[in-house]
Amino acid sequence: MMAKPKVMRVMLNEVAVQGEFTLPGPTLSHMNIAPAAKNPIMLQGDHGPVAFRNIYVKELD
């Protein structure tokens, strides 16, 4: 069994809004692909008007 994914920090307008938490698992609309150390992410915005832009993912050393 693979380890659950961990989030180090989520920034919104250069302000940390979340940090240091473990995701419980996939959402109900997750991509049906095998778990791996590196996989794509999916941003979900189905609960009202949402816009995503300037998204950066930085791999930690």
# chains A, B, ... in the order shown; residues from 1 in each chain; ligands from 1
call {"tool": "residues_around", "arguments": {"residues": "A:Met42", "least_positions_apart": "2", "cutoff": "10 Å", "atoms": "only C-alpha atoms", "output": "count of residues only"}}
result
8
call {"tool": "atom_distance", "arguments": {"atom1": "atom CA of A:Ala36", "atom2": "atom CA of A:Ala3"}}
result
9.7 Å
call {"tool": "atom_distance", "arguments": {"atom1": "atom CA of A:Met11", "atom2": "atom CA of A:Ala37"}}
result
22.6 Å
call {"tool": "atom_distance", "arguments": {"atom1": "atom CA of A:Ala51", "atom2": "atom CA of A:Asn13"}}
result
13.2 Å
